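Enquirer: First the structure, which I've put down as structure tokens, then a few questions once you've had a look.
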Amino acid sequence: MCEKCVKEEYPNRDTMCTDSGSYMVNFTQCCICGGRDIKAVNRVCKETDTDEIIKYEHTCTNCQHVCAEHEYTFKVIDKYQHYEMDCLLCGFGADQRSIMPLDPREITQDIF
């Protein structure tokens, strides 16, 4: 991974978790050739009954310099879907959602 190709290392993306694409706002240019375009290559997806892990590299389209490595994780734990993204370019994000139609954490009870 290359800190010279990004404006900010691992920016906080709050609940934003992507399993594809690139956060181009954070990309300055390739530190090797000065190119301003990147692509996702070497995408690998590993799946189990409850987990999915996707990894790929952000590389310069001109010289194939690896600017960053992207990892996206999806897990089901109890009754919640957990998402996580970790990437020098795209940043770090994490989120969880209920698998139920209504999230029990968001249901409020009326008190009479």
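Going by the structure tokens order, chains are called A, B, ..., each with residues numbered from 1, while ligands are numbered from 1 in the order shown.
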Within 9 Å of region 83-104 of chain A, which residues of region 13-75 of chain A show up? Give each one with its shortest atom-to-atom distance in Å (one decimal) and the two atoms involved, counting only C-alpha atoms, rows by chain then rising residue number, as a Markdown table.
Expert:
```
| residue | atom | partner | partner_atom | distance |
| --- | --- | --- | --- | --- |
| A:Arg13 | CA | A:Gly93 | CA | 4.9 |
| A:Asp14 | CA | A:Gly93 | CA | 4.9 |
| A:Thr15 | CA | A:Asp95 | CA | 4.9 |
| A:Met16 | CA | A:Gly93 | CA | 5.3 |
| A:Cys17 | CA | A:Met85 | CA | 5.0 |
| A:Thr18 | CA | A:Met85 | CA | 6.6 |
| A:Asp19 | CA | A:Met85 | CA | 7.7 |
| A:Gly21 | CA | A:Cys90 | CA | 8.8 |
| A:Ser22 | CA | A:Cys90 | CA | 6.2 |
| A:Tyr23 | CA | A:Cys90 | CA | 4.8 |
| A:Met24 | CA | A:Cys90 | CA | 8.1 |
| A:Asn26 | CA | A:Leu89 | CA | 6.2 |
| A:Phe27 | CA | A:Leu89 | CA | 6.7 |
| A:His58 | CA | A:Leu89 | CA | 8.2 |
| A:Cys67 | CA | A:Leu89 | CA | 7.7 |
| A:Ala68 | CA | A:Leu88 | CA | 5.6 |
| A:Glu69 | CA | A:Cys87 | CA | 5.9 |
| A:His70 | CA | A:Cys87 | CA | 4.6 |
| A:Glu71 | CA | A:Asp86 | CA | 5.3 |
| A:Tyr72 | CA | A:Met85 | CA | 4.5 |
| A:Thr73 | CA | A:Glu84 | CA | 5.1 |
| A:Phe74 | CA | A:Tyr83 | CA | 4.7 |
| A:Lys75 | CA | A:Tyr83 | CA | 6.7 |
```
Enquirer: Residues near region 36-46 of chain A, anyone? I mean within 7 Å using only C-alpha atoms, not counting same-chain ones fewer than 2 positions away, as a PyMOL selection string.
Expert: chain A and resi 29-30+34+52-61
Enquirer: Any idea what the distance is between CA of Arg105 (chain A) and CA of Gln81 (chain A)?
Expert: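 Atom-to-atom, CA of Arg105 (chain A) to CA of Gln81 (chain A), that is 13.7 Å.
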Enquirer: In Å, with one decimal, what is the gap from CA of Gly35 (chain A) to CA of Glu9 (chain A)?
Expert: 18.9 Å
Enquirer: Calculate how many Å separate CA of Glu3 (chain A) from CA of Asn62 (chain A), rounding to one decimal.
Expert: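 Between CA of Glu3 (chain A) and CA of Asn62 (chain A) the gap is 18.3 Å.
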Enquirer: From the DSSP assignment of the backbone, select every residue of region 14-53 of chain A that is strand (DSSP E), and format the answer as a ChimeraX atom specification.
Expert: /A:38-47,51-53
Enquirer: May I have the residues from that selection written out with N, CA and C atoms, as a short mmCIF file (atom, residue, chain, number, x, y, z; two decimals), in the first residue's frame?
Expert:
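The resulting file, again05.cif, is reproduced below:
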```cif
data_model
loop_
_atom_site.label_atom_id
_atom_site.label_comp_id
_atom_site.auth_asym_id
_atom_site.auth_seq_id
_atom_site.Cartn_x
_atom_site.Cartn_y
_atom_site.Cartn_z
N ILE A 38 -7.38 4.87 -11.51
CA ILE A 38 -7.10 3.59 -10.88
C ILE A 38 -8.22 2.63 -11.22
N LYS A 39 -7.91 1.35 -11.05
CA LYS A 39 -8.91 0.31 -11.28
C LYS A 39 -8.79 -0.73 -10.17
N ALA A 40 -9.85 -1.50 -10.00
CA ALA A 40 -9.86 -2.58 -9.02
C ALA A 40 -9.45 -3.87 -9.72
N VAL A 41 -8.44 -4.56 -9.17
CA VAL A 41 -7.95 -5.80 -9.77
C VAL A 41 -7.76 -6.86 -8.68
N ASN A 42 -7.58 -8.09 -9.12
CA ASN A 42 -7.32 -9.22 -8.23
C ASN A 42 -8.41 -9.38 -7.16
N ARG A 43 -9.65 -9.25 -7.59
CA ARG A 43 -10.79 -9.37 -6.67
C ARG A 43 -10.98 -10.83 -6.27
N VAL A 44 -11.03 -11.08 -4.97
CA VAL A 44 -11.23 -12.42 -4.43
C VAL A 44 -12.38 -12.35 -3.43
N CYS A 45 -13.30 -13.29 -3.55
CA CYS A 45 -14.45 -13.36 -2.64
C CYS A 45 -14.44 -14.73 -1.96
N LYS A 46 -14.44 -14.72 -0.62
CA LYS A 46 -14.52 -15.95 0.17
C LYS A 46 -15.84 -15.92 0.92
N GLU A 47 -16.61 -17.00 0.80
CA GLU A 47 -17.91 -17.07 1.44
C GLU A 47 -18.05 -18.31 2.31
N ASP A 51 -20.50 -15.65 6.64
CA ASP A 51 -19.53 -14.59 6.36
C ASP A 51 -19.25 -14.46 4.87
N GLU A 52 -18.87 -13.26 4.49
CA GLU A 52 -18.38 -13.00 3.13
C GLU A 52 -17.24 -11.99 3.26
N ILE A 53 -16.09 -12.31 2.68
CA ILE A 53 -14.94 -11.42 2.70
C ILE A 53 -14.53 -11.17 1.25
#
```
Enquirer: Report the residues of chain A whose backbone DSSP state falls under helix (DSSP H, G or I), written as a list in words.
Expert: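 Assigned to helix (DSSP H, G or I), within chain A: Glu3, Lys4, Cys5, Met24, Val25 and Asn26 of chain A.
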Enquirer: Keeping only N, CA and C atoms, write those residues as a short mmCIF file (atom, residue, chain, number, x, y, z; two decimals), in the first residue's frame.
Expert:
```cif
data_model
loop_
_atom_site.label_atom_id
_atom_site.label_comp_id
_atom_site.auth_asym_id
_atom_site.auth_seq_id
_atom_site.Cartn_x
_atom_site.Cartn_y
_atom_site.Cartn_z
N GLU A 3 1.08 5.27 0.87
CA GLU A 3 0.55 6.48 1.50
C GLU A 3 0.75 7.71 0.63
N LYS A 4 1.66 7.65 -0.33
CA LYS A 4 1.95 8.80 -1.19
C LYS A 4 0.86 9.03 -2.24
N CYS A 5 0.02 8.05 -2.48
CA CYS A 5 -1.02 8.15 -3.51
C CYS A 5 -2.34 8.70 -2.99
N MET A 24 -12.51 8.03 -5.08
CA MET A 24 -11.63 8.85 -5.91
C MET A 24 -11.33 10.23 -5.31
N VAL A 25 -12.20 10.74 -4.46
CA VAL A 25 -11.97 12.04 -3.83
C VAL A 25 -10.69 12.00 -2.99
N ASN A 26 -10.35 10.84 -2.47
CA ASN A 26 -9.17 10.69 -1.63
C ASN A 26 -7.91 10.33 -2.42
#
```
